[in-house]
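This is work_38.pdb (PDB, C-alpha atoms).
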```pdb
ATOM      1  CA  MET A   1     -20.329  -2.381 -21.252  1.00  0.00           C
ATOM      2  CA  ILE A   2     -20.743  -0.067 -18.288  1.00  0.00           C
ATOM      3  CA  LEU A   3     -22.844  -0.776 -15.213  1.00  0.00           C
ATOM      4  CA  ARG A   4     -23.935   2.644 -13.938  1.00  0.00           C
ATOM      5  CA  LEU A   5     -26.003   3.256 -10.811  1.00  0.00           C
ATOM      6  CA  VAL A   6     -27.769   6.633 -10.774  1.00  0.00           C
ATOM      7  CA  HIS A   7     -29.605   7.776  -7.695  1.00  0.00           C
ATOM      8  CA  PRO A   8     -30.529  10.836  -5.699  1.00  0.00           C
ATOM      9  CA  GLY A   9     -28.855  11.132  -2.343  1.00  0.00           C
ATOM     10  CA  SER A  10     -25.457  10.837  -0.788  1.00  0.00           C
ATOM     11  CA  ALA A  11     -23.742   7.934   0.866  1.00  0.00           C
ATOM     12  CA  ALA A  12     -23.903   7.920   4.615  1.00  0.00           C
ATOM     13  CA  ARG A  13     -20.439   7.128   5.894  1.00  0.00           C
ATOM     14  CA  GLY A  14     -20.183   3.896   7.794  1.00  0.00           C
ATOM     15  CA  PRO A  15     -20.457   0.140   7.375  1.00  0.00           C
ATOM     16  CA  LEU A  16     -23.036   0.180   4.561  1.00  0.00           C
ATOM     17  CA  ASP A  17     -20.975   2.609   2.502  1.00  0.00           C
ATOM     18  CA  ASP A  18     -17.877   0.512   3.194  1.00  0.00           C
ATOM     19  CA  ALA A  19     -19.696  -2.636   2.048  1.00  0.00           C
ATOM     20  CA  ALA A  20     -21.047  -0.955  -1.102  1.00  0.00           C
ATOM     21  CA  ARG A  21     -17.581   0.343  -1.996  1.00  0.00           C
ATOM     22  CA  ASP A  22     -16.080  -3.100  -1.394  1.00  0.00           C
ATOM     23  CA  TYR A  23     -18.490  -4.795  -3.813  1.00  0.00           C
ATOM     24  CA  LEU A  24     -18.165  -1.941  -6.288  1.00  0.00           C
ATOM     25  CA  GLY A  25     -14.400  -2.458  -6.240  1.00  0.00           C
ATOM     26  CA  ARG A  26     -14.729  -6.230  -6.672  1.00  0.00           C
ATOM     27  CA  LEU A  27     -17.163  -5.812  -9.555  1.00  0.00           C
ATOM     28  CA  GLY A  28     -14.867  -3.215 -11.103  1.00  0.00           C
ATOM     29  CA  ARG A  29     -12.254  -5.910 -11.710  1.00  0.00           C
ATOM     30  CA  HIS A  30     -14.547  -7.484 -14.326  1.00  0.00           C
ATOM     31  CA  HIS A  31     -16.761  -4.645 -15.559  1.00  0.00           C
ATOM     32  CA  ARG A  32     -16.588  -0.923 -15.913  1.00  0.00           C
ATOM     33  CA  VAL A  33     -18.722   0.419 -13.080  1.00  0.00           C
ATOM     34  CA  GLU A  34     -19.870   3.932 -12.275  1.00  0.00           C
ATOM     35  CA  GLU A  35     -21.958   5.489  -9.572  1.00  0.00           C
ATOM     36  CA  VAL A  36     -23.675   8.808 -10.194  1.00  0.00           C
ATOM     37  CA  TRP A  37     -25.043  10.617  -7.166  1.00  0.00           C
ATOM     38  CA  LEU A  38     -27.782  13.108  -7.971  1.00  0.00           C
ATOM     39  CA  ARG A  39     -29.048  15.923  -5.800  1.00  0.00           C
ATOM     40  CA  PRO A  40     -32.269  14.835  -4.108  1.00  0.00           C
ATOM     41  CA  SER A  41     -35.152  17.224  -4.412  1.00  0.00           C
ATOM     42  CA  LYS A  42     -35.848  19.471  -1.442  1.00  0.00           C
ATOM     43  CA  ARG A  43     -39.446  20.001  -2.473  1.00  0.00           C
ATOM     44  CA  VAL A  44     -42.024  19.021   0.102  1.00  0.00           C
ATOM     45  CA  GLU A  45     -44.733  17.847  -2.288  1.00  0.00           C
ATOM     46  CA  THR A  46     -44.086  14.392  -3.692  1.00  0.00           C
ATOM     47  CA  ALA A  47     -45.116  14.853  -7.354  1.00  0.00           C
ATOM     48  CA  PRO A  48     -42.900  17.905  -8.044  1.00  0.00           C
ATOM     49  CA  ALA A  49     -40.018  16.296  -6.135  1.00  0.00           C
ATOM     50  CA  LEU A  50     -40.258  13.085  -8.152  1.00  0.00           C
ATOM     51  CA  ALA A  51     -40.456  15.075 -11.403  1.00  0.00           C
ATOM     52  CA  GLU A  52     -37.315  17.007 -10.476  1.00  0.00           C
ATOM     53  CA  GLU A  53     -35.429  13.799  -9.628  1.00  0.00           C
ATOM     54  CA  ALA A  54     -36.728  12.110 -12.796  1.00  0.00           C
ATOM     55  CA  SER A  55     -35.373  14.928 -14.919  1.00  0.00           C
ATOM     56  CA  GLN A  56     -31.921  14.440 -13.398  1.00  0.00           C
ATOM     57  CA  ILE A  57     -32.039  10.655 -13.837  1.00  0.00           C
ATOM     58  CA  LEU A  58     -33.174  10.845 -17.458  1.00  0.00           C
ATOM     59  CA  GLN A  59     -30.510  13.450 -18.291  1.00  0.00           C
ATOM     60  CA  THR A  60     -27.815  10.907 -17.433  1.00  0.00           C
ATOM     61  CA  LEU A  61     -28.932   8.609 -20.274  1.00  0.00           C
ATOM     62  CA  ARG A  62     -26.851   8.439 -23.431  1.00  0.00           C
ATOM     63  CA  ASP A  63     -27.439   6.784 -26.787  1.00  0.00           C
ATOM     64  CA  ARG A  64     -27.426   2.981 -26.569  1.00  0.00           C
ATOM     65  CA  ASP A  65     -27.974   3.001 -22.775  1.00  0.00           C
ATOM     66  CA  ARG A  66     -30.531   0.605 -21.321  1.00  0.00           C
ATOM     67  CA  LEU A  67     -32.471   1.976 -18.360  1.00  0.00           C
ATOM     68  CA  VAL A  68     -33.342  -0.517 -15.634  1.00  0.00           C
ATOM     69  CA  ALA A  69     -35.548   0.796 -12.823  1.00  0.00           C
ATOM     70  CA  LEU A  70     -35.079  -0.662  -9.369  1.00  0.00           C
ATOM     71  CA  ASP A  71     -38.639  -0.677  -8.135  1.00  0.00           C
ATOM     72  CA  ARG A  72     -40.805  -2.866  -5.917  1.00  0.00           C
ATOM     73  CA  THR A  73     -43.180  -3.421  -8.853  1.00  0.00           C
ATOM     74  CA  GLY A  74     -40.360  -4.945 -10.870  1.00  0.00           C
ATOM     75  CA  LYS A  75     -39.420  -8.542 -11.422  1.00  0.00           C
ATOM     76  CA  ALA A  76     -37.637 -10.267  -8.550  1.00  0.00           C
ATOM     77  CA  LEU A  77     -34.826 -12.468  -9.831  1.00  0.00           C
ATOM     78  CA  SER A  78     -32.701 -15.133  -8.230  1.00  0.00           C
ATOM     79  CA  SER A  79     -28.948 -14.618  -8.320  1.00  0.00           C
ATOM     80  CA  GLU A  80     -28.794 -17.055 -11.220  1.00  0.00           C
ATOM     81  CA  GLY A  81     -31.566 -15.130 -12.984  1.00  0.00           C
ATOM     82  CA  LEU A  82     -29.655 -11.889 -12.556  1.00  0.00           C
ATOM     83  CA  SER A  83     -26.544 -13.535 -13.989  1.00  0.00           C
ATOM     84  CA  GLU A  84     -28.610 -14.504 -17.059  1.00  0.00           C
ATOM     85  CA  ARG A  85     -29.813 -10.876 -17.393  1.00  0.00           C
ATOM     86  CA  LEU A  86     -26.233  -9.649 -17.027  1.00  0.00           C
ATOM     87  CA  ALA A  87     -25.097 -12.020 -19.777  1.00  0.00           C
ATOM     88  CA  ALA A  88     -27.924 -10.826 -22.044  1.00  0.00           C
ATOM     89  CA  TRP A  89     -27.060  -7.180 -21.377  1.00  0.00           C
ATOM     90  CA  MET A  90     -23.411  -7.857 -22.184  1.00  0.00           C
ATOM     91  CA  GLN A  91     -24.310  -9.510 -25.484  1.00  0.00           C
ATOM     92  CA  ALA A  92     -26.814  -6.854 -26.545  1.00  0.00           C
ATOM     93  CA  GLY A  93     -24.229  -4.149 -27.214  1.00  0.00           C
ATOM     94  CA  HIS A  94     -25.604  -1.496 -24.881  1.00  0.00           C
ATOM     95  CA  GLY A  95     -23.376   1.446 -24.104  1.00  0.00           C
ATOM     96  CA  ALA A  96     -24.330   1.170 -20.448  1.00  0.00           C
ATOM     97  CA  ILE A  97     -26.848  -0.476 -18.223  1.00  0.00           C
ATOM     98  CA  VAL A  98     -28.187   2.424 -16.182  1.00  0.00           C
ATOM     99  CA  LEU A  99     -29.713   1.211 -12.937  1.00  0.00           C
ATOM    100  CA  ALA A 100     -32.004   3.839 -11.429  1.00  0.00           C
ATOM    101  CA  LEU A 101     -32.556   3.709  -7.679  1.00  0.00           C
ATOM    102  CA  GLY A 102     -35.114   6.143  -6.357  1.00  0.00           C
ATOM    103  CA  SER A 103     -34.956   8.430  -3.377  1.00  0.00           C
ATOM    104  CA  ALA A 104     -37.076   7.849  -0.279  1.00  0.00           C
ATOM    105  CA  ARG A 105     -40.056   8.834  -2.470  1.00  0.00           C
ATOM    106  CA  GLY A 106     -39.290   6.146  -5.048  1.00  0.00           C
ATOM    107  CA  LEU A 107     -39.038   6.684  -8.788  1.00  0.00           C
ATOM    108  CA  ALA A 108     -41.217   8.991 -10.848  1.00  0.00           C
ATOM    109  CA  PRO A 109     -43.710   7.561 -13.338  1.00  0.00           C
ATOM    110  CA  GLU A 110     -41.607   9.127 -16.133  1.00  0.00           C
ATOM    111  CA  VAL A 111     -38.609   7.014 -15.150  1.00  0.00           C
ATOM    112  CA  LEU A 112     -40.672   3.851 -14.790  1.00  0.00           C
ATOM    113  CA  ALA A 113     -42.275   4.463 -18.213  1.00  0.00           C
ATOM    114  CA  ARG A 114     -38.891   5.051 -19.865  1.00  0.00           C
ATOM    115  CA  ALA A 115     -37.253   1.982 -18.290  1.00  0.00           C
ATOM    116  CA  GLU A 116     -36.864  -1.050 -20.534  1.00  0.00           C
ATOM    117  CA  GLU A 117     -36.911  -3.257 -17.441  1.00  0.00           C
ATOM    118  CA  ARG A 118     -37.912  -3.096 -13.810  1.00  0.00           C
ATOM    119  CA  LEU A 119     -36.133  -5.171 -11.206  1.00  0.00           C
ATOM    120  CA  SER A 120     -37.183  -5.648  -7.602  1.00  0.00           C
ATOM    121  CA  PHE A 121     -35.332  -6.691  -4.469  1.00  0.00           C
ATOM    122  CA  GLY A 122     -38.654  -8.134  -3.318  1.00  0.00           C
ATOM    123  CA  PRO A 123     -41.767  -6.710  -1.691  1.00  0.00           C
ATOM    124  CA  MET A 124     -39.959  -5.245   1.329  1.00  0.00           C
ATOM    125  CA  THR A 125     -38.802  -1.650   1.366  1.00  0.00           C
ATOM    126  CA  LEU A 126     -35.062  -1.349   1.945  1.00  0.00           C
ATOM    127  CA  PRO A 127     -33.211   1.709   3.197  1.00  0.00           C
ATOM    128  CA  HIS A 128     -31.433   3.421   0.312  1.00  0.00           C
ATOM    129  CA  ASP A 129     -27.914   2.606   1.530  1.00  0.00           C
ATOM    130  CA  LEU A 130     -28.811  -1.048   2.074  1.00  0.00           C
ATOM    131  CA  ALA A 131     -30.392  -1.318  -1.391  1.00  0.00           C
ATOM    132  CA  ARG A 132     -27.139   0.051  -2.807  1.00  0.00           C
ATOM    133  CA  VAL A 133     -25.139  -2.677  -1.039  1.00  0.00           C
ATOM    134  CA  VAL A 134     -27.560  -5.385  -2.180  1.00  0.00           C
ATOM    135  CA  LEU A 135     -27.391  -4.188  -5.789  1.00  0.00           C
ATOM    136  CA  TRP A 136     -23.594  -4.107  -5.995  1.00  0.00           C
ATOM    137  CA  GLU A 137     -23.275  -7.430  -4.174  1.00  0.00           C
ATOM    138  CA  GLN A 138     -25.809  -9.159  -6.415  1.00  0.00           C
ATOM    139  CA  LEU A 139     -24.173  -7.790  -9.573  1.00  0.00           C
ATOM    140  CA  TYR A 140     -20.822  -9.015  -8.267  1.00  0.00           C
ATOM    141  CA  ARG A 141     -22.371 -12.414  -7.495  1.00  0.00           C
ATOM    142  CA  ALA A 142     -23.942 -12.550 -10.971  1.00  0.00           C
ATOM    143  CA  SER A 143     -20.558 -11.777 -12.488  1.00  0.00           C
ATOM    144  CA  THR A 144     -18.868 -14.564 -10.520  1.00  0.00           C
ATOM    145  CA  ILE A 145     -21.586 -17.005 -11.595  1.00  0.00           C
ATOM    146  CA  LEU A 146     -20.894 -16.145 -15.236  1.00  0.00           C
ATOM    147  CA  ARG A 147     -17.161 -16.562 -14.710  1.00  0.00           C
ATOM    148  CA  GLY A 148     -17.593 -19.880 -12.883  1.00  0.00           C
ATOM    149  CA  GLU A 149     -15.898 -18.545  -9.772  1.00  0.00           C
ATOM    150  CA  PRO A 150     -16.586 -20.160  -6.379  1.00  0.00           C
ATOM    151  CA  TYR A 151     -18.079 -17.080  -4.658  1.00  0.00           C
ATOM    152  CA  HIS A 152     -21.657 -18.239  -5.297  1.00  0.00           C
ATOM    153  CA  LYS A 153     -21.671 -21.401  -3.205  1.00  0.00           C
TER     154      LYS A 153
END
```
Starting from the coordinates I provided, produce the structure as structure tokens.
Amino acid sequence: MILRLVHPGSAARGPLDDAARDYLGRLGRHHRVEEVWLRPSKRVETAPALAEEASQILQTLRDRDRLVALDRTGKALSSEGLSERLAAWMQAGHGAIVLALGSARGLAPEVLARAEERLSFGPMTLPHDLARVVLWEQLYRASTILRGEPYHK
């Protein structure tokens, strides 16, 4: 199974990118991981910009992929809860778990409607680069929980 993060934008160089890459590398020892950077829309109006970004996100999906939207309206899980979701995803035979992280405008209604699940980091809005770090770290933590490793203490 592949864990694939798709999102508009580009990584700002610096400590947050370093942290995200560190957790991505750690997670990559146990799972196949991919990160797909999409071109953010340059449109000024929100609806057309979101539609353009949605089209790019949805084009990344392949047969047997499960789309999970990272959205504040989603379900907030504990680390243990995320490890249970990760275990379920692994057992379900998906080609990939595609985690969609929106641009500064969020995710388009088309992406949210297509997603089989919505997950939330909580009610606070996080900067894009920080959300990326939190996602990779929490997936790494979930993986160590499943493997019984001491990281999650």
Quiz item: Quick one: residues within 12 Å of A:Arg21, all atoms listed in the file counted, chain neighbours fewer than 2 positions away excluded, as number ranges by chain?
Solution: A: 11-19, 23-28, 33-35, 129, 132-137, 140
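Minimum distance to A:His94 across A:Arg147, A:Arg4, A:His30, A:His152 (counting only C-alpha atoms) occurs at A:Arg4.
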Exercise. Translate the PyMOL selection byres ((chain A and resi 104) around 10), as applied to the file shown, into an explicit residue set as a list in words.
Key: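 When the PyMOL selection byres ((chain A and resi 104) around 10) is applied to the shown file, the picked residues are Pro8, Gly9, Pro40, Leu50, Leu101, Gly102, Ser103, Arg105, Gly106, Leu107, Thr125, Leu126, Pro127 and His128 of chain A.
One distance worth recording is that between atom CA of A:Ile2 and atom CA of A:Ala96, which is 4.4 Å.
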Quiz prompt | Who sits within 8 Å of stretch 119-122 of chain A, only C-alpha atoms, same chain under 4 positions skipped, as a ChimeraX atom specification | solution = /A:68-77,131
Quiz item: In Å, with one decimal, what is the gap from atom CA of A:Arg62 to atom CA of A:Leu3?
Solution: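 According to the coordinates, atom CA of A:Arg62 and atom CA of A:Leu3 are separated by 13.0 Å.
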Exercise. Using only C-alpha atoms, pick whichever of A:Asp22, A:Glu116, A:Glu45, A:Glu149 has the shortest atom-to-atom distance to A:Trp89.
Key: A:Glu116
